[in-house]
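One structure is given below, encoded as structure tokens.
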Amino acid sequence: MAIALGWIFNWCGVQIQHFSSVSNFINFAVNWGHSPKKRNIFIAIYYGLLWCSCKAKNEVVFNKVYISSLKMADSVVTMDKIAYSDGQTKPNRTEPMG
């Protein structure tokens, strides 16, 4: 997950952080940035990463299938694009979110 997290942070233009627990991970997202709209997008990305991480772990445990960090990060990006494909304003990924 660390590689996927680094890739996602880079994609969002956020300085890479290290977390000792899931609650620290979530608290960072909840308190990140000054714009509520960007914060909500960032939180959605975080939850997407947690979901994809759990799903990848289940694939290993139950199906003996390894999911690469790049594929996990790509799944998060895909989830983000789908979430914002209903006409909402998409985040501009060429500019840092902070």
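Scheme for the structure tokens: letters A, B, ... for chains in order shown; per-chain residue numbers from 1; ligand numbers from 1 in order shown.
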Name the residues of chain A that fall into alpha helix (DSSP H) according to DSSP on the backbone, using the chain letters and numbers of this document, as a PyMOL selection string. chain A and resi 2-12+22-31+36-63+69-83
Prev. selection, C-alpha atoms, output as a compact mmCIF listing (two decimals), in the first residue's frame:
# COMPACT_ATOMS: atom_id res chain seq x y z
CA ALA A 2 2.92 2.37 0.62
CA ILE A 3 3.77 2.55 -3.08
CA ALA A 4 0.14 3.16 -4.02
CA LEU A 5 -0.16 5.80 -1.28
CA GLY A 6 2.96 7.57 -2.56
CA TRP A 7 1.59 7.49 -6.11
CA ILE A 8 -1.78 8.88 -4.98
CA PHE A 9 -0.12 11.65 -2.94
CA ASN A 10 1.97 12.58 -5.95
CA TRP A 11 -1.13 12.53 -8.19
CA CYS A 12 -2.90 14.89 -5.77
CA VAL A 22 -5.59 3.94 9.90
CA SER A 23 -7.07 6.57 12.22
CA ASN A 24 -4.01 8.83 11.66
CA PHE A 25 -4.44 8.22 7.94
CA ILE A 26 -8.10 9.29 8.02
CA ASN A 27 -7.49 12.25 10.35
CA PHE A 28 -4.91 13.60 7.91
CA ALA A 29 -7.48 13.52 5.09
CA VAL A 30 -10.25 15.04 7.21
CA ASN A 31 -8.05 17.96 8.30
CA PRO A 36 -14.07 22.03 1.73
CA LYS A 37 -14.69 20.89 -1.86
CA LYS A 38 -11.07 19.79 -2.38
CA ARG A 39 -11.01 18.22 1.09
CA ASN A 40 -14.10 16.15 0.23
CA ILE A 41 -12.46 14.99 -3.00
CA PHE A 42 -9.29 14.11 -1.10
CA ILE A 43 -11.31 12.18 1.52
CA ALA A 44 -13.06 10.25 -1.26
CA ILE A 45 -9.66 9.38 -2.74
CA TYR A 46 -8.45 8.23 0.69
CA TYR A 47 -11.47 6.01 1.26
CA GLY A 48 -11.04 4.64 -2.24
CA LEU A 49 -7.45 3.74 -1.41
CA LEU A 50 -8.53 2.02 1.81
CA TRP A 51 -11.23 0.10 -0.08
CA CYS A 52 -8.84 -0.98 -2.84
CA SER A 53 -6.24 -1.99 -0.26
CA CYS A 54 -8.73 -4.21 1.59
CA LYS A 55 -9.97 -5.67 -1.69
CA ALA A 56 -6.39 -6.44 -2.78
CA LYS A 57 -5.66 -8.12 0.56
CA ASN A 58 -8.78 -10.25 0.20
CA GLU A 59 -7.64 -11.30 -3.29
CA VAL A 60 -4.34 -12.53 -1.81
CA VAL A 61 -5.94 -14.29 1.16
CA PHE A 62 -8.89 -15.93 -0.57
CA ASN A 63 -7.80 -16.31 -4.20
CA SER A 69 0.49 -1.27 -6.06
CA LEU A 70 0.20 0.33 -9.49
CA LYS A 71 -3.01 -1.57 -10.23
CA MET A 72 -4.36 -0.59 -6.82
CA ALA A 73 -3.55 3.09 -7.46
CA ASP A 74 -5.09 2.83 -10.93
CA SER A 75 -8.28 1.44 -9.36
CA VAL A 76 -8.46 4.46 -7.05
CA VAL A 77 -8.07 6.84 -10.01
CA THR A 78 -10.79 4.97 -11.89
CA MET A 79 -13.12 5.15 -8.89
CA ASP A 80 -12.48 8.91 -8.64
CA LYS A 81 -13.24 9.44 -12.32
CA ILE A 82 -16.45 7.43 -12.07
CA ALA A 83 -17.53 9.33 -8.95
